[in-house]
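The structure appears below as structure tokens.
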Amino acid sequence: MVELRKLSPDDGNDIYELLQLIPKDENGLINKANGLSFEEYKQWLINKQIESEQKGLVDGWKVPSTTYWLYVDNVPVGFGSIREFLTDALRVAGGNIGYGIAKPYRGKGYGKELLRLLLNEAKGMGIDKVLVTILLDNIASQAVAIANGGVVTE
């Protein structure tokens, strides 16, 4: 069973362990929870929840962003975030959706499923056209985007 779950400040050790499996910075995806202590992670969850509830720009550059976990058979295997709108900088790098699958779960089609589910959530938020920025050498992520109806441009 594949399920998308919205981040909650009550998320526990299973999510903490997932975030330790995903590098801090890989292929343009930033995972600020990697390397945090469990106590720091719990505060990070609270901050991410607040970030998802904000309206408009904060500090002149932060946009509302909601984080989701991809669970497969009740095991978290990846995560993604949806930004409600874009700044000029996010149109260049970042886009509306960022996502990652932990290394032990790659190559199983979970990235395609995660992006599909995130696109559905974005549509529900009223985002009609989604930008996903992908590094040119990230062939796997390009394949995920294309499988979900994406068009690769430079």
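Ordered as shown in the structure tokens, chains take letters A, B, and onward, while each chain numbers its residues from 1 and ligands are numbered from 1 in the order shown.
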
Based on DSSP run over this structure's backbone, return all residues of chain A in helix (DSSP H, G or I), as a count of residues only. 57

Find the nearest atom pair between each residue of region 25-90 of chain A and region 123-133 of chain A for residues within 12 Å, count only C-alpha atoms, give distances in Å to one decimal, sort rows by chain and ascending number, and present the table as a Markdown table.
```
| residue | atom | partner | partner_atom | distance |
| --- | --- | --- | --- | --- |
| A:Asn27 | CA | A:Thr133 | CA | 10.2 |
| A:Gly28 | CA | A:Thr133 | CA | 8.6 |
| A:Leu29 | CA | A:Thr133 | CA | 10.0 |
| A:Pro64 | CA | A:Met125 | CA | 11.6 |
| A:Ser65 | CA | A:Met125 | CA | 11.3 |
| A:Thr66 | CA | A:Met125 | CA | 10.6 |
| A:Gly80 | CA | A:Val132 | CA | 11.4 |
| A:Ser81 | CA | A:Val132 | CA | 10.9 |
| A:Ile82 | CA | A:Val130 | CA | 9.4 |
| A:Arg83 | CA | A:Ile127 | CA | 9.4 |
| A:Glu84 | CA | A:Ile127 | CA | 7.1 |
| A:Phe85 | CA | A:Ile127 | CA | 8.0 |
| A:Leu86 | CA | A:Leu131 | CA | 9.0 |
| A:Thr87 | CA | A:Leu131 | CA | 11.8 |
| A:Ala89 | CA | A:Thr133 | CA | 11.5 |
| A:Leu90 | CA | A:Thr133 | CA | 8.8 |
```

Go ahead and dump the residues you just picked, N, CA and C atoms, as a PDB file, in the first residue's frame.
```pdb
ATOM      1  N   ASN A  27      21.726  16.251  -5.514  1.00  0.00           N
ATOM      2  CA  ASN A  27      21.012  16.577  -6.745  1.00  0.00           C
ATOM      3  C   ASN A  27      20.115  17.804  -6.595  1.00  0.00           C
ATOM      4  N   GLY A  28      20.520  18.741  -5.742  1.00  0.00           N
ATOM      5  CA  GLY A  28      19.756  19.968  -5.552  1.00  0.00           C
ATOM      6  C   GLY A  28      18.700  19.888  -4.470  1.00  0.00           C
ATOM      7  N   LEU A  29      18.428  18.698  -3.934  1.00  0.00           N
ATOM      8  CA  LEU A  29      17.460  18.549  -2.837  1.00  0.00           C
ATOM      9  C   LEU A  29      18.185  18.798  -1.523  1.00  0.00           C
ATOM     10  N   PRO A  64       5.315  29.782   1.472  1.00  0.00           N
ATOM     11  CA  PRO A  64       4.664  28.645   2.130  1.00  0.00           C
ATOM     12  C   PRO A  64       5.055  27.332   1.454  1.00  0.00           C
ATOM     13  N   SER A  65       5.397  26.348   2.258  1.00  0.00           N
ATOM     14  CA  SER A  65       5.841  25.054   1.749  1.00  0.00           C
ATOM     15  C   SER A  65       5.307  23.955   2.662  1.00  0.00           C
ATOM     16  N   THR A  66       4.688  22.958   2.059  1.00  0.00           N
ATOM     17  CA  THR A  66       4.122  21.848   2.823  1.00  0.00           C
ATOM     18  C   THR A  66       4.899  20.575   2.501  1.00  0.00           C
ATOM     19  N   GLY A  80       8.612  14.767   0.045  1.00  0.00           N
ATOM     20  CA  GLY A  80       8.519  15.827  -0.935  1.00  0.00           C
ATOM     21  C   GLY A  80       7.887  17.051  -0.327  1.00  0.00           C
ATOM     22  N   SER A  81       8.118  18.184  -0.971  1.00  0.00           N
ATOM     23  CA  SER A  81       7.542  19.442  -0.512  1.00  0.00           C
ATOM     24  C   SER A  81       6.913  20.162  -1.682  1.00  0.00           C
ATOM     25  N   ILE A  82       5.849  20.891  -1.377  1.00  0.00           N
ATOM     26  CA  ILE A  82       5.160  21.695  -2.382  1.00  0.00           C
ATOM     27  C   ILE A  82       5.202  23.150  -1.932  1.00  0.00           C
ATOM     28  N   ARG A  83       5.707  24.004  -2.796  1.00  0.00           N
ATOM     29  CA  ARG A  83       5.684  25.454  -2.558  1.00  0.00           C
ATOM     30  C   ARG A  83       4.460  26.018  -3.262  1.00  0.00           C
ATOM     31  N   GLU A  84       3.691  26.823  -2.531  1.00  0.00           N
ATOM     32  CA  GLU A  84       2.425  27.319  -3.060  1.00  0.00           C
ATOM     33  C   GLU A  84       2.594  28.319  -4.198  1.00  0.00           C
ATOM     34  N   PHE A  85       3.667  29.075  -4.171  1.00  0.00           N
ATOM     35  CA  PHE A  85       3.956  29.996  -5.266  1.00  0.00           C
ATOM     36  C   PHE A  85       5.463  30.168  -5.346  1.00  0.00           C
ATOM     37  N   LEU A  86       5.929  30.827  -6.400  1.00  0.00           N
ATOM     38  CA  LEU A  86       7.365  30.926  -6.643  1.00  0.00           C
ATOM     39  C   LEU A  86       7.841  32.378  -6.647  1.00  0.00           C
ATOM     40  N   THR A  87       9.060  32.559  -6.168  1.00  0.00           N
ATOM     41  CA  THR A  87       9.767  33.820  -6.329  1.00  0.00           C
ATOM     42  C   THR A  87      10.596  33.692  -7.612  1.00  0.00           C
ATOM     43  N   ALA A  89      13.779  33.700  -7.803  1.00  0.00           N
ATOM     44  CA  ALA A  89      14.879  32.769  -7.510  1.00  0.00           C
ATOM     45  C   ALA A  89      14.407  31.319  -7.581  1.00  0.00           C
ATOM     46  N   LEU A  90      13.197  31.024  -7.094  1.00  0.00           N
ATOM     47  CA  LEU A  90      12.682  29.656  -7.128  1.00  0.00           C
ATOM     48  C   LEU A  90      12.316  29.210  -8.543  1.00  0.00           C
TER      49      LEU A  90
END
```

Extract the full set of strand (DSSP E) residues from chain A according to DSSP on the backbone, and format it as a ChimeraX atom specification. /A:2-6,25-26,29-30,65-72,75-83,97-101

Take the selection from the previous step and output its residues with N, CA, C and O atoms, as a CSV table (one decimal), in the first residue's frame.
```
chain,number,residue,atom,x,y,z
A,2,VAL,N,0.6,2.2,-0.9
A,2,VAL,CA,1.4,3.4,-1.0
A,2,VAL,C,0.5,4.6,-0.5
A,2,VAL,O,-0.7,4.6,-0.9
A,3,GLU,N,1.1,5.4,0.3
A,3,GLU,CA,0.3,6.5,0.9
A,3,GLU,C,1.1,7.7,1.1
A,3,GLU,O,2.3,7.6,1.5
A,4,LEU,N,0.5,8.9,0.8
A,4,LEU,CA,1.2,10.2,1.1
A,4,LEU,C,0.6,10.7,2.4
A,4,LEU,O,-0.6,10.8,2.5
A,5,ARG,N,1.5,11.1,3.3
A,5,ARG,CA,1.1,11.6,4.6
A,5,ARG,C,1.7,13.0,4.8
A,5,ARG,O,2.9,13.2,4.6
A,6,LYS,N,0.9,13.9,5.3
A,6,LYS,CA,1.3,15.3,5.5
A,6,LYS,C,2.2,15.3,6.8
A,6,LYS,O,1.9,14.6,7.8
A,25,ASP,N,22.4,17.4,1.0
A,25,ASP,CA,22.3,18.0,-0.3
A,25,ASP,C,22.7,17.1,-1.4
A,25,ASP,O,23.9,16.7,-1.5
A,26,GLU,N,21.7,16.6,-2.1
A,26,GLU,CA,22.0,15.7,-3.2
A,26,GLU,C,21.1,16.0,-4.4
A,26,GLU,O,19.9,16.2,-4.3
A,29,LEU,N,18.4,18.7,-3.9
A,29,LEU,CA,17.5,18.5,-2.8
A,29,LEU,C,18.2,18.8,-1.5
A,29,LEU,O,19.2,18.1,-1.2
A,30,ILE,N,17.7,19.7,-0.8
A,30,ILE,CA,18.3,20.1,0.5
A,30,ILE,C,17.5,19.4,1.6
A,30,ILE,O,16.2,19.6,1.7
A,65,SER,N,5.4,26.3,2.3
A,65,SER,CA,5.8,25.1,1.7
A,65,SER,C,5.3,24.0,2.7
A,65,SER,O,5.5,24.0,3.9
A,66,THR,N,4.7,23.0,2.1
A,66,THR,CA,4.1,21.8,2.8
A,66,THR,C,4.9,20.6,2.5
A,66,THR,O,5.1,20.3,1.3
A,67,THR,N,5.3,19.8,3.5
A,67,THR,CA,6.1,18.6,3.4
A,67,THR,C,5.2,17.4,3.6
A,67,THR,O,4.3,17.4,4.4
A,68,TYR,N,5.5,16.4,2.8
A,68,TYR,CA,4.8,15.1,2.8
A,68,TYR,C,5.8,14.0,2.9
A,68,TYR,O,6.9,14.1,2.3
A,69,TRP,N,5.3,12.8,3.4
A,69,TRP,CA,6.1,11.6,3.5
A,69,TRP,C,5.4,10.6,2.6
A,69,TRP,O,4.2,10.4,2.6
A,70,LEU,N,6.3,9.8,1.9
A,70,LEU,CA,5.7,8.7,1.1
A,70,LEU,C,6.0,7.5,1.9
A,70,LEU,O,7.1,7.1,2.3
A,71,TYR,N,4.9,6.8,2.2
A,71,TYR,CA,4.9,5.5,2.9
A,71,TYR,C,4.6,4.4,2.0
A,71,TYR,O,3.6,4.5,1.2
A,72,VAL,N,5.3,3.3,2.1
A,72,VAL,CA,5.0,2.1,1.3
A,72,VAL,C,4.9,1.0,2.4
A,72,VAL,O,5.9,0.7,3.1
A,75,VAL,N,6.0,2.0,5.8
A,75,VAL,CA,7.4,2.3,6.0
A,75,VAL,C,7.6,3.6,5.2
A,75,VAL,O,7.4,3.6,4.0
A,76,PRO,N,8.2,4.7,5.8
A,76,PRO,CA,8.5,5.9,5.1
A,76,PRO,C,9.7,5.6,4.2
A,76,PRO,O,10.7,5.1,4.6
A,77,VAL,N,9.6,6.0,2.9
A,77,VAL,CA,10.6,5.7,1.9
A,77,VAL,C,11.2,7.0,1.3
A,77,VAL,O,12.2,7.0,0.6
A,78,GLY,N,10.4,8.1,1.4
A,78,GLY,CA,10.8,9.4,0.8
A,78,GLY,C,10.0,10.5,1.3
A,78,GLY,O,9.1,10.3,2.0
A,79,PHE,N,10.3,11.7,0.8
A,79,PHE,CA,9.6,12.9,1.1
A,79,PHE,C,9.6,13.9,0.0
A,79,PHE,O,10.4,13.8,-0.9
A,80,GLY,N,8.6,14.8,0.0
A,80,GLY,CA,8.5,15.8,-0.9
A,80,GLY,C,7.9,17.1,-0.3
A,80,GLY,O,7.2,17.0,0.7
A,81,SER,N,8.1,18.2,-1.0
A,81,SER,CA,7.5,19.4,-0.5
A,81,SER,C,6.9,20.2,-1.7
A,81,SER,O,7.4,20.1,-2.8
A,82,ILE,N,5.8,20.9,-1.4
A,82,ILE,CA,5.2,21.7,-2.4
A,82,ILE,C,5.2,23.1,-1.9
A,82,ILE,O,4.8,23.5,-0.8
A,83,ARG,N,5.7,24.0,-2.8
A,83,ARG,CA,5.7,25.5,-2.6
A,83,ARG,C,4.5,26.0,-3.3
A,83,ARG,O,4.2,25.7,-4.4
A,97,ILE,N,7.9,21.9,-6.6
A,97,ILE,CA,8.0,20.6,-6.0
A,97,ILE,C,9.4,20.2,-5.9
A,97,ILE,O,10.1,20.2,-6.9
A,98,GLY,N,9.8,19.7,-4.7
A,98,GLY,CA,11.1,19.0,-4.6
A,98,GLY,C,10.8,17.7,-3.9
A,98,GLY,O,9.8,17.5,-3.1
A,99,TYR,N,11.6,16.6,-4.2
A,99,TYR,CA,11.3,15.3,-3.7
A,99,TYR,C,12.5,14.5,-3.6
A,99,TYR,O,13.5,14.8,-4.3
A,100,GLY,N,12.5,13.5,-2.8
A,100,GLY,CA,13.7,12.6,-2.7
A,100,GLY,C,13.2,11.2,-2.1
A,100,GLY,O,12.3,11.2,-1.3
A,101,ILE,N,13.9,10.2,-2.6
A,101,ILE,CA,13.7,8.8,-2.1
A,101,ILE,C,15.0,8.4,-1.4
A,101,ILE,O,16.1,8.6,-2.0
```

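Using only C-alpha atoms, the smallest distance between any of A:Gly111, A:Met1, A:Leu57, A:Gly12 and Gln142 (chain A) comes from A:Gly111.
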
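When CA of Pro9 (chain A) is paired with CA of Leu45 (chain A), their separation reads 5.0 Å.
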
Closest of A:Ala140, A:Ala102, A:Val152, A:Leu118 to Ile22 (chain A) - atom-to-atom distances counting only C-alpha atoms: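 Nearest candidate to Ile22 (chain A) out of A:Ala140, A:Ala102, A:Val152, A:Leu118: A:Ala102.
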
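Our summary of the geometry notes that CA of Ile15 (chain A) is positioned 11.0 Å from CA of Asn34 (chain A).
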
Would you pick out the contacts of region 145-149 of chain A at 9 Å or less, using only C-alpha atoms, so that residues sharing its chain but fewer than 5 positions from it are not included, and give the list as a CSV table (one decimal) with C-alpha atoms, in the first residue's frame?
```
chain,number,residue,atom,x,y,z
A,112,LYS,CA,7.3,8.3,-9.9
A,113,GLU,CA,4.6,7.5,-7.4
A,115,LEU,CA,5.7,12.9,-7.7
A,116,ARG,CA,2.3,11.8,-9.0
A,119,LEU,CA,1.1,16.7,-8.3
A,132,VAL,CA,10.1,21.0,-11.0
A,134,ILE,CA,16.1,19.1,-12.1
A,140,ALA,CA,16.6,9.4,-12.9
```
